[in-house]
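The structure appears right after this line, and notes come after that.
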Amino acid sequence: MNGGNSNLKLLKKSLCTTTVHFKEQPLSPPLTSLQCGKILQSLTNTKSFPKGQKLHALMVTSGNLLNNTYLSTKLAAFYANCGRMAQAQVIFDGILLKNSFLWNFMIRGYACNECSLKALVLYREMFSFGKKADNFTYPFVLKACGDLLLVETGRRVHSEVVVSGLESDIYVANALLAMYSKFGDMGLARMLFDRMLERDLISWNTMISGYVKNNNLRKALEVFEEMGKAGLKADGTTLLGILSACAELLALKLGKEIHAYVVRKSGEIRNEFLTNSLIQMYCNCKSLAYSRRLFDGVKLKDTVSWNSMIRGYEQNGDAFESLRLFCRMVMEGAEVDEVTIITILGACDQINALQFGMSVHSCLVKKGFGANIIVGTALIDMYSKCGSLSCSRRVFDEIPRKNLVAWSAMISGYGAHGRGEEAISCYHELVANNFTPDEGVLTSVLSACSHAGLVNEGKHIFNRMTIEYNVKPGLAHYSCLVDLLGRAGHVDEAYELIKTMEVKPSSDIWAALLSACRLHKNVKLAEVSAQKVFEMHPKGVGSYICLSNIYASEKRWDDVERVRAMVRSKGLKKPPGCSFVEVDKKVHRFLVGDKSHPQTHDVYAKLKELNLRLTEAGYKPDTTSVFYDVEEEVKEKKLWDHSERLAIAFALINTGPGTTIRITKNLRVCNDCHTVTKMISELMNREIIMRDIHRFHHFRHGFCSCGDYW
């Protein structure tokens, strides 16, 4: 025995070294099968793969493994537990007498290593070898069924579980809950949960995460409440599920309570993802100050931490802080991934940061993300929204395997720039490439028809979508068609379409009709549309402003004041006009009447100069866009305070002759600013690309790409 113990000590010492020379240091006498088996079990439990390989080599050279079913079984189980299924399968195939322990380890290995189909095949083979499944088999077979979404197979295995009498086993029952939640059948999962005689924390967590993943968030909160009443304490997994529900439901109060609980139990709850979930929850609830405080308190920030905070700013409209944080992330050497890139490209298109976006494009190519279809689609969208449609098309053409989302982004880009013919051509190109248009693609092409006034083409696509592609028109499609008809002056036809829709009209559809009524001065129908919007979306200030402006254009000042009083009584506020312009990779923001910019004096001097030169060229102010009952002179002055004019003046001062000026505005460009920008493009020999809330305007040589149709 002493010699055996000495050999065991020598082997343990060799397993701790980086290199083992078995020929130079022979172990004599060799380890027994029992000793090797004990060491293998220890290495299996700790998943110590390199040491296990050394032991495997030792067993081969010592002859211990030859015709040794006990050691071969242990070795196959070791490789399976380490996720090395190819090696495990080779050893498994060489074993003649396979016991249930081995079958279970192999099924588990395949199920846990993204080879679910192989796990199910092995499960069926197990029966042909006369082995019965037990409570260690079924959890992983059920997991495989859930991962593959094989509903019928899963139900069949469930029936086998019932026949075997193992449905009451807590491990099997928890696996059944997880499988049905993956199938989206939370009703059956709840029924099984209620029938369970014994429940552990995993049971409750499975139900909570199941409801969250199936978007039944309030049910998740109800189960969490039941769990508390049952006397169970939440762990990190529980809290992750509940925080996800709070984030989606904007349940800030409960989210804060969970945060307080985490702080109180910081010594007991260990979950590295909780802080990131709290950051995400606060961002979703628009409590960025709380998010930032948590973020700044994290000493070792991972990529998810950075992404959560950057995305929080981007989603809440603070693109500037999003870009600043991204720059800090890069400077601190944090790992940038696809999520970071997609988020930051979204921030770029919010404020027209084309040059910054180009730098990000260069960065992602260097990091090897260029071939990623999701990143490519985000680039198409960014370039399009920053006014560079040629770059969008170049990126689109370079994507080797385009999906429907990429096609939709390109069609949408053409549409936003008013290039309806190209959008329809791209749509036909998609069909020619054997793609079947889905709801998103059809929405994009209908929207493109609307921007370009292609009434017949849009109606044809709408009428054929069900027949040719089996796509039933949804709210988005009807909204596009109403907008198309309304913009083109077919207001009554648009109204009749709304009344005969197969689905209930949304506030967006009535808002589209209201906008058309403003364009074509149909006050009576505007009042009908506005009332519908007020009922469906009482907090949306845009429709109140639109109706007020319609009354103002008719000089119905009493009605204007009545609508404005409604806005005040509801506590609503109109967002101020705001324009962005990028110069030398720095984005500048101008509000209406802004005097806070360091170059304010020069900007207003340039505006005064432009006003004089335009007047000499025949410019006459169109004050119909000023919806106040004031003197004409005051109206004219208000026009020259508009944010896009400040941005244009600033760009003219700070860029060289012939440089294209790109501007993004958060509201619709008014008639007078549209006229002024056309004249400036001719007077200063500049191309000015302006994106307003609806579309792009390319001003060149005194003309606009929209053809005054917007």
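Order determines the names: the first chain of the structure tokens is A, the second B, and so forth; residues in each chain are numbered 1 upward, and ligands are numbered 1 upward as they are shown.
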
Pick out the residues sitting within 9 Å of Val360 (chain A), and hand them over as a ChimeraX atom specification; count only C-alpha atoms, and ignore anything fewer than 6 positions along from it in its own chain.
/A:341,344-345

Restricting it to all heavy atoms, dump the selection as a JSON list (two decimals), in the first residue's frame.
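This is the output file result-v5.json:
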[["chain", "number", "residue", "atom", "x", "y", "z"],
["A", 341, "ILE", "N", -20.59, 49.19, -31.63],
["A", 341, "ILE", "CA", -20.53, 49.82, -32.95],
["A", 341, "ILE", "C", -21.93, 50.21, -33.43],
["A", 341, "ILE", "O", -22.15, 51.34, -33.89],
["A", 341, "ILE", "CB", -19.87, 48.86, -33.98],
["A", 341, "ILE", "CG1", -18.40, 48.59, -33.60],
["A", 341, "ILE", "CG2", -19.98, 49.41, -35.39],
["A", 341, "ILE", "CD1", -17.49, 49.76, -33.69],
["A", 344, "ILE", "N", -23.28, 53.21, -31.43],
["A", 344, "ILE", "CA", -22.62, 54.48, -31.71],
["A", 344, "ILE", "C", -22.96, 54.99, -33.11],
["A", 344, "ILE", "O", -23.06, 56.20, -33.34],
["A", 344, "ILE", "CB", -21.09, 54.37, -31.49],
["A", 344, "ILE", "CG1", -20.55, 55.69, -30.93],
["A", 344, "ILE", "CG2", -20.34, 53.99, -32.71],
["A", 344, "ILE", "CD1", -21.07, 56.06, -29.57],
["A", 345, "LEU", "N", -23.18, 54.07, -34.04],
["A", 345, "LEU", "CA", -23.63, 54.49, -35.38],
["A", 345, "LEU", "C", -25.03, 55.11, -35.30],
["A", 345, "LEU", "O", -25.33, 56.07, -36.00],
["A", 345, "LEU", "CB", -23.63, 53.31, -36.34],
["A", 345, "LEU", "CG", -22.26, 52.77, -36.76],
["A", 345, "LEU", "CD1", -22.40, 51.49, -37.57],
["A", 345, "LEU", "CD2", -21.47, 53.81, -37.56]]

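Look at Gln531 (chain A): the protein and nucleic acid residues within 12 Å of it, using only C-alpha atoms and passing over chain neighbours fewer than 2 places away, are Ser507, Trp510, Ala511, Leu513, Leu514, Lys524, Leu525, Ala526, Glu527, Val528, Ser529, Val533, Phe534, Glu535, Met536, His537, Pro538, Ser543, Tyr544, Cys546, Leu547 and Val563 of chain A.
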
Do a neighbour search on Met227 (chain A) at 9 Å with only C-alpha atoms, toss out local chain neighbours closer than 5 positions, and write the hits as a PyMOL selection string.
chain A and resi 201+204+222+232-234

Polymer residues at most 6 Å from Val581 (chain A), only C-alpha atoms, same-chain spacing of 4 or more positions, as a PDB file with N, CA and C atoms, in the first residue's frame:
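Writing the result to part-v9.pdb gives the following:
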ATOM      1  N   VAL A 587     -19.593  68.272 -33.829  1.00  0.00           N
ATOM      2  CA  VAL A 587     -20.991  68.601 -34.117  1.00  0.00           C
ATOM      3  C   VAL A 587     -21.408  69.818 -33.296  1.00  0.00           C
ATOM      4  N   HIS A 588     -22.012  70.796 -33.980  1.00  0.00           N
ATOM      5  CA  HIS A 588     -22.485  72.020 -33.316  1.00  0.00           C
ATOM      6  C   HIS A 588     -24.009  72.027 -33.328  1.00  0.00           C
ATOM      7  N   ILE A 663     -27.017  69.308 -42.649  1.00  0.00           N
ATOM      8  CA  ILE A 663     -27.737  69.781 -41.468  1.00  0.00           C
ATOM      9  C   ILE A 663     -28.864  68.813 -41.134  1.00  0.00           C
TER      10      ILE A 663
END

Per DSSP on the backbone, what are the helix (DSSP H, G or I) residues of region 555-634 of chain A, as an NGL selection string?
:A and (557-569 or 600-616 or 623-625 or 632-634)

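CA of Ala448 (chain A) sits 7.4 Å away from CA of Arg419 (chain A).
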
For Arg695 (chain A): contacts at 9 Å, only C-alpha atoms, fewer than 2 positions along chain excluded, given as number ranges by chain
A: 415-418, 451, 668, 690-693, 697, 706, 710
